$ cat structure.txt   # compact mmCIF, C-alpha atoms
# COMPACT_ATOMS: atom_id res chain seq x y z
CA MET A 1 22.94 -22.05 50.82
CA ALA A 2 20.43 -22.09 47.96
CA ILE A 3 18.33 -19.47 49.71
CA THR A 4 21.38 -17.25 50.16
CA LEU A 5 22.21 -17.61 46.45
CA ILE A 6 18.65 -16.76 45.40
CA SER A 7 18.63 -13.74 47.70
CA ALA A 8 21.92 -12.54 46.24
CA VAL A 9 20.62 -12.90 42.69
CA LEU A 10 17.38 -11.09 43.52
CA CYS A 11 19.27 -8.30 45.25
CA SER A 12 21.69 -7.88 42.34
CA GLY A 13 18.74 -7.82 39.90
CA ALA A 14 16.96 -5.19 41.98
CA LEU A 15 20.18 -3.20 42.20
CA ALA A 16 20.64 -3.33 38.40
CA GLN A 17 17.03 -2.27 37.84
CA SER A 18 17.48 0.58 40.29
CA ARG A 19 20.61 1.74 38.44
CA PHE A 20 18.76 1.59 35.10
CA MET A 21 15.86 3.62 36.50
CA ASN A 22 18.27 6.23 37.87
CA GLN A 23 20.06 6.45 34.48
CA THR A 24 16.71 6.85 32.69
CA GLN A 25 15.64 9.60 35.10
CA GLU A 26 19.00 11.34 34.65
CA GLN A 27 18.63 11.18 30.85
CA GLN A 28 15.10 12.62 31.08
CA THR A 29 16.37 15.42 33.31
CA GLN A 30 19.26 16.16 30.93
CA THR A 31 17.27 16.01 27.69
CA GLY A 32 13.91 17.08 29.04
CA GLU A 33 12.06 14.31 27.18
CA SER A 34 10.38 11.11 28.29
CA SER A 35 10.88 7.76 26.60
CA GLN A 36 7.55 8.24 24.79
CA GLN A 37 8.69 11.61 23.52
CA ARG A 38 12.02 10.09 22.43
CA VAL A 39 10.22 7.32 20.50
CA ALA A 40 7.95 9.91 18.85
CA ARG A 41 10.97 12.02 17.93
CA LEU A 42 12.77 9.02 16.39
CA HIS A 43 9.69 8.08 14.36
CA SER A 44 9.29 11.63 13.13
CA GLN A 45 12.83 11.97 11.80
CA LEU A 46 13.10 11.68 8.04
CA ASP A 47 15.85 9.72 6.40
CA ALA A 48 16.98 9.98 2.77
CA ASN A 49 14.37 7.44 1.65
CA ASP A 50 11.58 9.40 3.40
CA LEU A 51 12.73 12.61 1.70
CA LEU A 52 12.71 10.85 -1.68
CA VAL A 53 9.19 9.49 -1.07
CA ALA A 54 8.03 12.98 -0.04
CA GLN A 55 9.48 14.42 -3.24
CA ILE A 56 7.86 11.73 -5.41
CA TRP A 57 4.43 12.33 -3.86
CA GLY A 58 4.84 16.13 -3.79
CA LEU A 59 4.66 16.39 -0.01
CA SER A 60 6.34 18.94 2.22
CA THR A 61 8.70 17.79 4.97
CA GLU A 62 6.02 18.50 7.58
CA GLU A 63 3.45 16.45 5.66
CA MET A 64 5.89 13.56 5.31
CA VAL A 65 6.68 13.62 9.04
CA ARG A 66 2.95 13.49 9.82
CA ALA A 67 2.40 10.68 7.30
CA LYS A 68 5.32 8.69 8.73
CA VAL A 69 3.96 8.98 12.26
CA LEU A 70 0.45 8.01 11.07
CA LEU A 71 1.82 5.00 9.19
CA LYS A 72 3.63 3.80 12.34
CA GLY A 73 0.52 4.12 14.52
CA PRO A 74 -2.79 2.27 14.33
CA ARG A 75 -2.93 2.85 10.57
CA ALA A 76 -0.21 0.19 10.29
CA SER A 77 -2.70 -2.32 11.69
CA PHE A 78 -5.69 -1.17 9.65
CA SER A 79 -4.12 -0.80 6.21
CA VAL A 80 -2.00 -2.69 3.75
CA GLU A 81 1.71 -2.20 4.32
CA ASN A 82 2.21 -0.35 1.03
CA LEU A 83 -0.31 2.41 1.81
CA SER A 84 1.01 5.65 0.37
CA PRO A 85 1.69 8.64 2.59
CA VAL A 86 -0.92 10.60 0.61
CA GLU A 87 -3.57 7.99 1.42
CA ALA A 88 -2.61 8.02 5.11
CA LEU A 89 -2.85 11.81 5.20
CA GLY A 90 -6.19 11.71 3.37
CA ILE A 91 -7.65 9.10 5.68
CA HIS A 92 -6.53 11.12 8.69
CA ALA A 93 -7.34 14.53 7.22
CA ARG A 94 -8.16 17.14 9.82
CA ASP A 95 -10.88 18.75 7.72
CA GLU A 96 -12.69 18.44 4.39
CA LYS A 97 -10.34 20.85 2.61
CA GLU A 98 -7.33 18.73 3.57
CA ARG A 99 -9.16 15.51 2.60
CA THR A 100 -9.96 16.97 -0.83
CA LYS A 101 -6.36 18.12 -1.31
CA TYR A 102 -4.98 14.61 -0.70
CA ALA A 103 -7.73 12.96 -2.75
CA GLU A 104 -6.82 15.18 -5.70
CA MET A 105 -3.10 14.42 -5.28
CA PHE A 106 -3.82 10.68 -5.23
CA ALA A 107 -6.23 10.86 -8.19
CA ARG A 108 -3.62 12.69 -10.28
CA ALA A 109 -0.91 10.16 -9.36
CA LEU A 110 -3.19 7.21 -10.12
CA GLN A 111 -4.29 8.70 -13.45
CA ALA A 112 -0.67 9.27 -14.47
CA ASP A 113 0.14 5.68 -13.55
CA VAL A 114 -2.80 4.33 -15.57
CA GLU A 115 -1.68 6.38 -18.58
CA ARG A 116 1.87 5.01 -18.27
CA SER A 117 0.57 1.44 -17.94
CA LEU A 118 -1.68 1.77 -20.98
CA ALA A 119 1.14 3.28 -23.05
CA TRP A 120 3.36 0.38 -22.03
CA ASN A 121 0.67 -2.15 -22.94
CA ARG A 122 0.08 -0.57 -26.37
CA THR A 123 3.81 -0.61 -27.11
CA PHE A 124 4.15 -4.19 -25.87
CA MET A 125 1.24 -5.38 -28.03
CA GLU A 126 2.73 -3.61 -31.06
CA VAL A 127 6.14 -5.20 -30.50
CA GLN A 128 4.56 -8.60 -29.79
CA GLY A 129 2.69 -8.40 -33.12
CA ARG A 130 5.81 -7.32 -35.00
CA LEU A 131 8.11 -9.96 -33.50
CA PHE A 132 5.59 -12.80 -33.65
CA PRO A 133 3.17 -11.83 -36.45
CA ASN A 134 1.50 -15.23 -36.90
CA GLN A 135 1.03 -16.07 -33.25
CA SER A 136 -1.90 -15.06 -31.12
CA VAL A 137 -1.21 -14.20 -27.52
CA MET A 138 -4.02 -16.53 -26.42
CA ASP A 139 -5.15 -19.64 -28.29
CA TYR A 140 -8.86 -20.27 -27.80
CA ALA A 141 -9.02 -23.32 -30.11
CA GLY A 142 -11.01 -26.16 -28.61
CA GLN A 143 -12.43 -24.09 -25.77
CA GLU A 144 -16.05 -24.65 -24.75
CA PRO A 145 -18.36 -21.62 -24.75
CA VAL A 146 -19.14 -20.16 -21.33
CA ALA A 147 -22.11 -18.23 -20.00
CA ALA A 148 -20.96 -14.65 -19.54
CA PRO A 149 -22.13 -11.18 -20.53
CA THR A 150 -20.92 -10.19 -24.00
CA ALA A 151 -19.62 -6.89 -22.67
CA THR A 152 -17.35 -8.74 -20.24
CA ALA A 153 -16.01 -10.94 -23.01
CA ASP A 154 -15.40 -7.90 -25.22
CA MET A 155 -13.58 -6.14 -22.40
CA LEU A 156 -11.33 -9.17 -21.86
CA GLY A 157 -10.74 -9.80 -25.55
CA VAL A 158 -12.48 -13.18 -25.52
CA PRO A 159 -13.98 -14.11 -28.92
CA ARG A 160 -17.77 -13.82 -28.96
CA THR A 161 -17.95 -17.33 -30.42
CA LEU A 162 -16.97 -18.59 -26.98
CA ILE A 163 -19.71 -16.69 -25.15
CA ARG A 164 -23.30 -17.56 -24.37
CA ASP A 165 -24.75 -14.33 -23.05
CA PRO A 166 -27.37 -15.35 -20.48
CA SER A 167 -29.18 -12.01 -20.81
CA SER A 168 -29.59 -12.27 -24.58
CA PRO A 169 -32.70 -14.24 -25.66
CA ALA A 170 -31.32 -14.74 -29.18
CA ARG A 171 -28.22 -16.46 -27.88
CA ALA A 172 -29.85 -18.36 -25.03
CA VAL A 173 -29.26 -22.08 -25.05
CA PRO A 174 -32.55 -24.04 -25.26
CA ALA A 175 -33.44 -25.98 -22.16
CA LYS A 176 -33.02 -29.73 -22.37
CA LYS A 177 -36.20 -31.77 -22.65
CA ARG A 178 -36.94 -34.14 -19.82

$ encode --input "structure.txt" --output "C-alpha cells"
Amino acid sequence: MAITLISAVLCSGALAQSRFMNQTQEQQTQTGESSQQRVARLHSQLDANDLLVAQIWGLSTEEMVRAKVLLKGPRASFSVENLSPVEALGIHARDEKERTKYAEMFARALQADVERSLAWNRTFMEVQGRLFPNQSVMDYAGQEPVAAPTATADMLGVPRTLIRDPSSPARAVPAKKR
C-alpha cells in the first residue's frame, strides 16, 4: 500500500512538472522570449524611481536601463549597494571616451555636493556661534598632548598646545634618562 501511495505521488508530481513545462513552452512560443530574456526585460524596465534617478544624474533613458542592468549583475556583488548609476556606467565603459564622460559627470556631481556641504557647515558654525557665543564646540581642557603632525592638528582644528609634532626637532620631547 505504501509503495502504491509513493508511486501515485511521484506520478502526480511528474505530471504537474510536465504540465508546467508545456505551459512554459507555450508561453515562449506565444511571446517569442525565453525565461532569461523575460528576466532581462523585467530588469531593464524603468519605474518612476528609476526615471527620477536618471534625471538627477543627467542620464538618458537608455543609459539608465544599461546602468540598472549592470547594477543587477556581477557589479552588485563587487560594489557597495549605493553605487551610483554613473559610477556603474563608468566602471563598465565601453571605451575611453565613455569612461571620461562618466568620470566628468561624477566629478561635477561630487564637487557640487562638497560645495553644498561646506556651505551648510559654514552656516551651521555661524549659527552655533550666534546661539551659543560663550561655548566652544569641543572642550580640550585637561587633555594630554599627543604626537601628531601639526598640519593634521590644524586641519582638524585641534589646538597646537595639544600637539607634539614628532617631525619637529624644536618640539620634540626629550628622551627619558635611564

$ atom_distance --input "structure.txt" --atom1 "CA of Leu46 (chain A)" --atom2 "CA of Ala76 (chain A)"
17.7 Å

$ residues_around --input "structure.txt" --residues "region 138-148 of chain A" --least-positions-apart "2" --cutoff "10 Å" --atoms "all atoms listed in the file" --output "PyMOL selection string"
chain A and resi 135-136+150-153+157-167+172-173

$ atom_distance --input "structure.txt" --atom1 "CA of Ala103 (chain A)" --atom2 "CA of Gly90 (chain A)"
6.4 Å

$ atom_distance --input "structure.txt" --atom1 "CA of Asp47 (chain A)" --atom2 "CA of Val65 (chain A)"
10.3 Å

$ residues_around --input "structure.txt" --residues "Leu83 (chain A)" --least-positions-apart "3" --cutoff "12 Å" --atoms "only C-alpha atoms" --output "list in words"
Ala67, Lys68, Leu70, Leu71, Lys72, Arg75, Ala76, Ser77, Phe78, Ser79, Val80, Val86, Glu87, Ala88, Leu89, Gly90, Ile91 and Phe106 of chain A

$ closest_residue --input "structure.txt" --among "A:Glu104, A:Glu98, A:Asp154, A:Glu126" --to "Trp57 (chain A)" --atoms "all atoms listed in the file"
A:Glu104
